[in-house]
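A short worksheet on the structure shown next.
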Amino acid sequence: WGAHKKLHLKSKHNTTMHLFNRFILLSLFAPSLLITSVRSFSTPSPSGECTIKVCHNKHCTKKGGGDMLLQTFRNLIPEADSSEESGVLYNSNVSVEKSGCLSQCDRGPNICTVNDKNEEKLYVGISDATTASAILEVVTGKDYPIALLLAATLINDSQQATKPSKKEQLLSSAIDAISKEENDATIQNSYAHAHALLLRADAFLEMTPPNIDGALFDARKSVKIAPRERKAWRVLACAEEAGGNYTLAIDALREVAKLDPSFSTKARKEIERLVSIAT
């Protein structure tokens, strides 16, 4: 962690030194990482544009890849609203997408990066936020905020926790790390911030007794930051229902259905249930 922070603080170095530092970082934190060509570290995408394809094959998913790794990359990108199907789109040159098998299954979780020249690189053994952050910096030639790296790590840890109180503790630390960068709008409006808030709202609802006020505050803030995030609206619907705000819960369910048409049938049934309760 200390080495990673030190490398970030040297962001004013020239491009060659910057990329050399990233190479060292990858060597330290990802010795199993497959790098097809050392030359690739000297040619990041000039525009900073990049597509990250995350393998969702069952072998990679079992090792911590799949949706969890995809969310990790999203959490590292500043001011990035998300879309469930097409990845990170808003105010970002980096998109994150689901992918089928990328081969090298025994060395997963695996990702493939594609730059603005349509050049592809395969990386294997990507299982933590530190390595993911280093890869983003190598392929884009840009620094990524330490606050988001810390938040992404804590969010991942929270998803391994089983007790709601432990989840809340870890997520509160993630939110605190983001809140300390109060003058940086890109961090405040990041997907990581919205993600941590929706997960903490869910943890509040799992508690006995549930912290309904806390869940409502977090869920409402989450959808404000990331209005296209289906999961945030889903948690908001649960929080509004728990608070007895049935009309607002119905509104949230309609937003979920709008963002995810496959949820329409279930949303209609839940709305009918809420209407019957309210009347």
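Simple scheme: letters A, B, ... for chains in structure tokens order, numbers from 1 for residues in each chain, numbers from 1 for ligands in the order shown.
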7 Å contact set for stretch 232-238 of chain A, only C-alpha atoms, chain neighbours under 3 positions out, as a VMD selection string | chain A and resid 198 202 216 219 to 220 222 to 223 229 241 to 242 249 to 250 252 to 253 255 to 256
Per DSSP on the backbone, what are the helix (DSSP H, G or I) residues of stretch 48-162 of chain A, as a ChimeraX atom specification?
-> /A:58-62,66-76,105-107,129-140,146-160
Given the selection you just returned, output its residues as a file containing N, CA and C atoms, formatted as a short mmCIF file (atom, residue, chain, number, x, y, z; two decimals), in the first residue's frame.
data_model
loop_
_atom_site.label_atom_id
_atom_site.label_comp_id
_atom_site.auth_asym_id
_atom_site.auth_seq_id
_atom_site.Cartn_x
_atom_site.Cartn_y
_atom_site.Cartn_z
N LYS A 58 -17.32 -19.23 -15.74
CA LYS A 58 -17.50 -19.75 -14.39
C LYS A 58 -16.18 -19.94 -13.64
N HIS A 59 -15.10 -20.28 -14.34
CA HIS A 59 -13.82 -20.50 -13.67
C HIS A 59 -13.28 -19.20 -13.08
N CYS A 60 -13.35 -18.11 -13.85
CA CYS A 60 -12.88 -16.82 -13.36
C CYS A 60 -13.79 -16.29 -12.26
N THR A 61 -15.09 -16.48 -12.43
CA THR A 61 -16.05 -15.98 -11.45
C THR A 61 -15.84 -16.63 -10.09
N LYS A 62 -15.56 -17.93 -10.06
CA LYS A 62 -15.32 -18.64 -8.81
C LYS A 62 -14.09 -18.13 -8.08
N GLY A 66 -15.54 -12.08 -12.67
CA GLY A 66 -16.94 -11.85 -12.98
C GLY A 66 -17.44 -10.49 -12.50
N ASP A 67 -18.64 -10.48 -11.95
CA ASP A 67 -19.26 -9.23 -11.53
C ASP A 67 -18.44 -8.49 -10.47
N MET A 68 -17.83 -9.23 -9.54
CA MET A 68 -17.07 -8.57 -8.48
C MET A 68 -15.89 -7.80 -9.05
N LEU A 69 -15.16 -8.40 -9.98
CA LEU A 69 -14.02 -7.73 -10.58
C LEU A 69 -14.48 -6.57 -11.47
N LEU A 70 -15.58 -6.77 -12.18
CA LEU A 70 -16.13 -5.70 -13.01
C LEU A 70 -16.49 -4.49 -12.14
N GLN A 71 -17.11 -4.76 -10.99
CA GLN A 71 -17.45 -3.67 -10.08
C GLN A 71 -16.20 -3.01 -9.51
N THR A 72 -15.15 -3.77 -9.30
CA THR A 72 -13.90 -3.20 -8.80
C THR A 72 -13.36 -2.16 -9.77
N PHE A 73 -13.33 -2.50 -11.05
CA PHE A 73 -12.86 -1.53 -12.05
C PHE A 73 -13.75 -0.30 -12.08
N ARG A 74 -15.05 -0.49 -12.00
CA ARG A 74 -15.97 0.65 -11.98
C ARG A 74 -15.71 1.54 -10.77
N ASN A 75 -15.43 0.90 -9.63
CA ASN A 75 -15.21 1.66 -8.41
C ASN A 75 -13.95 2.52 -8.48
N LEU A 76 -13.02 2.18 -9.35
CA LEU A 76 -11.75 2.90 -9.44
C LEU A 76 -11.80 4.12 -10.37
N CYS A 105 -7.78 -20.10 -18.43
CA CYS A 105 -8.71 -20.27 -17.31
C CYS A 105 -8.01 -20.64 -16.01
N ASP A 106 -6.93 -21.44 -16.09
CA ASP A 106 -6.25 -21.87 -14.88
C ASP A 106 -5.48 -20.74 -14.21
N ARG A 107 -5.37 -19.58 -14.90
CA ARG A 107 -4.61 -18.46 -14.34
C ARG A 107 -5.51 -17.26 -14.03
N ALA A 129 -8.07 -4.83 -5.96
CA ALA A 129 -8.21 -3.46 -6.44
C ALA A 129 -6.87 -2.81 -6.77
N THR A 130 -5.82 -3.15 -6.02
CA THR A 130 -4.50 -2.57 -6.27
C THR A 130 -4.00 -2.92 -7.66
N THR A 131 -4.11 -4.18 -8.03
CA THR A 131 -3.68 -4.62 -9.36
C THR A 131 -4.55 -3.99 -10.44
N ALA A 132 -5.85 -3.95 -10.21
CA ALA A 132 -6.77 -3.35 -11.19
C ALA A 132 -6.43 -1.88 -11.42
N SER A 133 -6.12 -1.16 -10.34
CA SER A 133 -5.76 0.26 -10.45
C SER A 133 -4.48 0.44 -11.26
N ALA A 134 -3.51 -0.42 -10.99
CA ALA A 134 -2.24 -0.34 -11.72
C ALA A 134 -2.43 -0.58 -13.21
N ILE A 135 -3.29 -1.54 -13.55
CA ILE A 135 -3.56 -1.82 -14.96
C ILE A 135 -4.22 -0.62 -15.63
N LEU A 136 -5.18 -0.01 -14.98
CA LEU A 136 -5.84 1.17 -15.53
C LEU A 136 -4.82 2.26 -15.82
N GLU A 137 -3.88 2.45 -14.90
CA GLU A 137 -2.89 3.51 -15.08
C GLU A 137 -1.93 3.20 -16.22
N VAL A 138 -1.59 1.93 -16.36
CA VAL A 138 -0.68 1.53 -17.45
C VAL A 138 -1.34 1.73 -18.80
N VAL A 139 -2.57 1.27 -18.95
CA VAL A 139 -3.20 1.29 -20.27
C VAL A 139 -3.72 2.67 -20.67
N THR A 140 -3.96 3.55 -19.68
CA THR A 140 -4.45 4.90 -20.01
C THR A 140 -3.38 5.97 -19.86
N ILE A 146 -6.06 7.78 -5.03
CA ILE A 146 -5.83 6.87 -3.92
C ILE A 146 -7.12 6.64 -3.13
N ALA A 147 -7.94 7.68 -2.99
CA ALA A 147 -9.20 7.55 -2.22
C ALA A 147 -10.09 6.48 -2.83
N LEU A 148 -10.11 6.40 -4.16
CA LEU A 148 -10.96 5.40 -4.82
C LEU A 148 -10.36 4.01 -4.70
N LEU A 149 -9.03 3.92 -4.69
CA LEU A 149 -8.39 2.62 -4.48
C LEU A 149 -8.72 2.10 -3.08
N LEU A 150 -8.63 2.97 -2.09
CA LEU A 150 -8.97 2.56 -0.73
C LEU A 150 -10.44 2.16 -0.63
N ALA A 151 -11.32 2.97 -1.23
CA ALA A 151 -12.75 2.67 -1.20
C ALA A 151 -13.05 1.35 -1.89
N ALA A 152 -12.44 1.12 -3.05
CA ALA A 152 -12.68 -0.12 -3.80
C ALA A 152 -12.25 -1.34 -2.99
N THR A 153 -11.13 -1.22 -2.30
CA THR A 153 -10.64 -2.33 -1.47
C THR A 153 -11.60 -2.62 -0.32
N LEU A 154 -12.07 -1.56 0.34
CA LEU A 154 -12.99 -1.73 1.46
C LEU A 154 -14.35 -2.28 1.00
N ILE A 155 -14.81 -1.82 -0.17
CA ILE A 155 -16.07 -2.33 -0.71
C ILE A 155 -15.95 -3.83 -0.98
N ASN A 156 -14.83 -4.24 -1.58
CA ASN A 156 -14.62 -5.67 -1.83
C ASN A 156 -14.63 -6.46 -0.52
N ASP A 157 -13.95 -5.92 0.51
CA ASP A 157 -13.91 -6.60 1.81
C ASP A 157 -15.32 -6.72 2.40
N SER A 158 -16.13 -5.67 2.21
CA SER A 158 -17.49 -5.70 2.78
C SER A 158 -18.34 -6.79 2.14
N GLN A 159 -18.07 -7.08 0.88
CA GLN A 159 -18.87 -8.09 0.19
C GLN A 159 -18.47 -9.52 0.57
N GLN A 160 -17.35 -9.62 1.29
CA GLN A 160 -16.94 -10.91 1.83
C GLN A 160 -17.45 -11.10 3.26
#
Near A:Asn115, within 8 Å and counting only C-alpha atoms, which residues show up once chain neighbours fewer than 2 positions away are dropped, as a PyMOL selection string?
-> chain A and resi 44-45+49-51+113+117-120+139
Mind dumping the selected residues with N, CA, C and O atoms as an mmCIF file, in the first residue's frame?
data_model
loop_
_atom_site.group_PDB
_atom_site.id
_atom_site.type_symbol
_atom_site.label_atom_id
_atom_site.label_comp_id
_atom_site.auth_asym_id
_atom_site.auth_seq_id
_atom_site.Cartn_x
_atom_site.Cartn_y
_atom_site.Cartn_z
ATOM 1 N N PRO A 44 0.897 3.724 -23.846
ATOM 2 C CA PRO A 44 -0.486 3.805 -23.374
ATOM 3 C C PRO A 44 -1.352 4.480 -24.419
ATOM 4 O O PRO A 44 -0.858 5.125 -25.339
ATOM 5 N N SER A 45 -2.654 4.341 -24.273
ATOM 6 C CA SER A 45 -3.576 4.988 -25.191
ATOM 7 C C SER A 45 -3.401 6.503 -25.112
ATOM 8 O O SER A 45 -3.545 7.094 -24.046
ATOM 9 N N GLU A 49 -8.371 6.577 -23.751
ATOM 10 C CA GLU A 49 -9.558 5.750 -23.951
ATOM 11 C C GLU A 49 -9.205 4.268 -23.892
ATOM 12 O O GLU A 49 -8.185 3.845 -24.425
ATOM 13 N N CYS A 50 -10.044 3.515 -23.247
ATOM 14 C CA CYS A 50 -9.757 2.094 -23.082
ATOM 15 C C CYS A 50 -11.035 1.335 -22.757
ATOM 16 O O CYS A 50 -11.924 1.860 -22.077
ATOM 17 N N THR A 51 -11.122 0.108 -23.247
ATOM 18 C CA THR A 51 -12.207 -0.792 -22.873
ATOM 19 C C THR A 51 -11.623 -1.940 -22.071
ATOM 20 O O THR A 51 -10.638 -2.549 -22.483
ATOM 21 N N THR A 113 -7.693 -5.799 -22.202
ATOM 22 C CA THR A 113 -7.816 -4.361 -22.427
ATOM 23 C C THR A 113 -7.726 -4.081 -23.923
ATOM 24 O O THR A 113 -6.968 -4.732 -24.638
ATOM 25 N N LYS A 117 -6.543 2.178 -30.442
ATOM 26 C CA LYS A 117 -6.027 1.645 -31.705
ATOM 27 C C LYS A 117 -6.510 0.211 -31.930
ATOM 28 O O LYS A 117 -6.040 -0.461 -32.845
ATOM 29 N N ASN A 118 -7.409 -0.222 -31.073
ATOM 30 C CA ASN A 118 -7.965 -1.571 -31.127
ATOM 31 C C ASN A 118 -6.915 -2.646 -30.858
ATOM 32 O O ASN A 118 -7.030 -3.782 -31.320
ATOM 33 N N GLU A 119 -5.883 -2.276 -30.089
ATOM 34 C CA GLU A 119 -4.851 -3.231 -29.684
ATOM 35 C C GLU A 119 -5.294 -3.901 -28.385
ATOM 36 O O GLU A 119 -5.692 -3.227 -27.436
ATOM 37 N N GLU A 120 -5.217 -5.219 -28.346
ATOM 38 C CA GLU A 120 -5.678 -5.967 -27.184
ATOM 39 C C GLU A 120 -4.507 -6.509 -26.370
ATOM 40 O O GLU A 120 -3.476 -6.885 -26.915
ATOM 41 N N VAL A 139 -2.573 1.275 -18.952
ATOM 42 C CA VAL A 139 -3.200 1.292 -20.273
ATOM 43 C C VAL A 139 -3.722 2.670 -20.670
ATOM 44 O O VAL A 139 -3.911 2.940 -21.859
#
Surrounding residues of A:Glu168 excluding itself and chain neighbours under 3 positions, 8 Å, only C-alpha atoms, as a list in words =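 Residues near the query, excluding close chain neighbours: Ser158, Pro164, Ser165, Leu171, Ser172, Arg200, Ala203 and Phe204 of chain A.
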Restricted to all heavy atoms, what would the selected residues look like written as a tab-separated table (two decimals), in the first residue's frame?
chain	number	residue	atom	x	y	z
A	158	SER	N	-16.13	-5.67	2.21
A	158	SER	CA	-17.49	-5.70	2.78
A	158	SER	C	-18.34	-6.79	2.14
A	158	SER	O	-19.23	-7.36	2.78
A	158	SER	CB	-18.17	-4.33	2.59
A	158	SER	OG	-18.61	-4.14	1.25
A	164	PRO	N	-24.12	-7.93	9.04
A	164	PRO	CA	-24.47	-6.57	8.62
A	164	PRO	C	-23.65	-5.49	9.32
A	164	PRO	O	-23.30	-4.50	8.70
A	164	PRO	CB	-25.96	-6.47	8.99
A	164	PRO	CG	-26.45	-7.87	8.96
A	164	PRO	CD	-25.31	-8.70	9.46
A	165	SER	N	-23.35	-5.70	10.60
A	165	SER	CA	-22.58	-4.71	11.35
A	165	SER	C	-21.17	-4.57	10.79
A	165	SER	O	-20.62	-3.46	10.72
A	165	SER	CB	-22.51	-5.08	12.82
A	165	SER	OG	-21.92	-6.37	13.00
A	171	LEU	N	-18.02	-0.35	4.95
A	171	LEU	CA	-18.57	0.59	3.97
A	171	LEU	C	-18.52	2.02	4.49
A	171	LEU	O	-18.30	2.96	3.72
A	171	LEU	CB	-20.00	0.19	3.62
A	171	LEU	CG	-20.10	-1.13	2.85
A	171	LEU	CD1	-21.52	-1.66	2.88
A	171	LEU	CD2	-19.60	-0.95	1.42
A	172	SER	N	-18.69	2.21	5.80
A	172	SER	CA	-18.56	3.54	6.38
A	172	SER	C	-17.13	4.06	6.22
A	172	SER	O	-16.92	5.25	5.95
A	172	SER	CB	-18.95	3.52	7.86
A	172	SER	OG	-20.33	3.28	8.01
A	200	ARG	N	-24.28	0.07	1.79
A	200	ARG	CA	-24.49	0.36	3.21
A	200	ARG	C	-25.97	0.47	3.52
A	200	ARG	O	-26.43	0.03	4.59
A	200	ARG	CB	-23.75	1.64	3.63
A	200	ARG	CG	-23.76	1.84	5.15
A	200	ARG	CD	-22.89	2.98	5.59
A	200	ARG	NE	-23.41	4.28	5.21
A	200	ARG	CZ	-22.90	5.44	5.62
A	200	ARG	NH1	-21.84	5.45	6.43
A	200	ARG	NH2	-23.43	6.59	5.23
A	203	ALA	N	-27.13	-2.93	3.97
A	203	ALA	CA	-26.67	-3.45	5.27
A	203	ALA	C	-27.52	-2.90	6.41
A	203	ALA	O	-27.86	-3.63	7.36
A	203	ALA	CB	-25.20	-3.09	5.48
A	204	PHE	N	-27.90	-1.63	6.32
A	204	PHE	CA	-28.77	-1.03	7.34
A	204	PHE	C	-30.11	-1.77	7.42
A	204	PHE	O	-30.65	-1.99	8.49
A	204	PHE	CB	-29.02	0.45	7.02
A	204	PHE	CG	-27.90	1.37	7.43
A	204	PHE	CD1	-27.60	2.49	6.66
A	204	PHE	CD2	-27.15	1.15	8.58
A	204	PHE	CE1	-26.57	3.36	7.03
A	204	PHE	CE2	-26.12	2.01	8.96
A	204	PHE	CZ	-25.84	3.12	8.19
Can you work out which one of A:Val94, A:Ala161, A:Cys112, A:Ile225 has the shortest atom-to-atom distance to A:Ile187, counting only C-alpha atoms?
->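 The closest residue to A:Ile187 is A:Ile225.
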In Å, how far is it from atom CA of A:Val114 to atom CA of A:Lys53?
-> 8.0 Å
What does the distance between atom CA of A:Gly125 and atom CA of A:Lys142 come to in Å, to one decimal place?
->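 Separating atom CA of A:Gly125 from atom CA of A:Lys142 is a distance of 22.2 Å.
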Atom-to-atom span, atom CA of A:Pro261 and atom CA of A:Asp213, Å | 29.5 Å
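Between A:Ser103 and the candidates A:Cys55, A:Ile212, A:Ala174, A:Val275, the tightest atom-to-atom separation, counting only C-alpha atoms, involves A:Cys55.
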Identify all residues of stretch 76-145 of chain A in strand (DSSP E) (DSSP on the backbone) and supply them as a list in words.
-> Ser82, Ser83, Gly87, Val88, Val94, Ser95, Val96, Glu97, Lys98, Ser99, Ile111, Cys112, Thr113, Val114, Asn115, Glu120, Lys121, Leu122 and Tyr123 of chain A
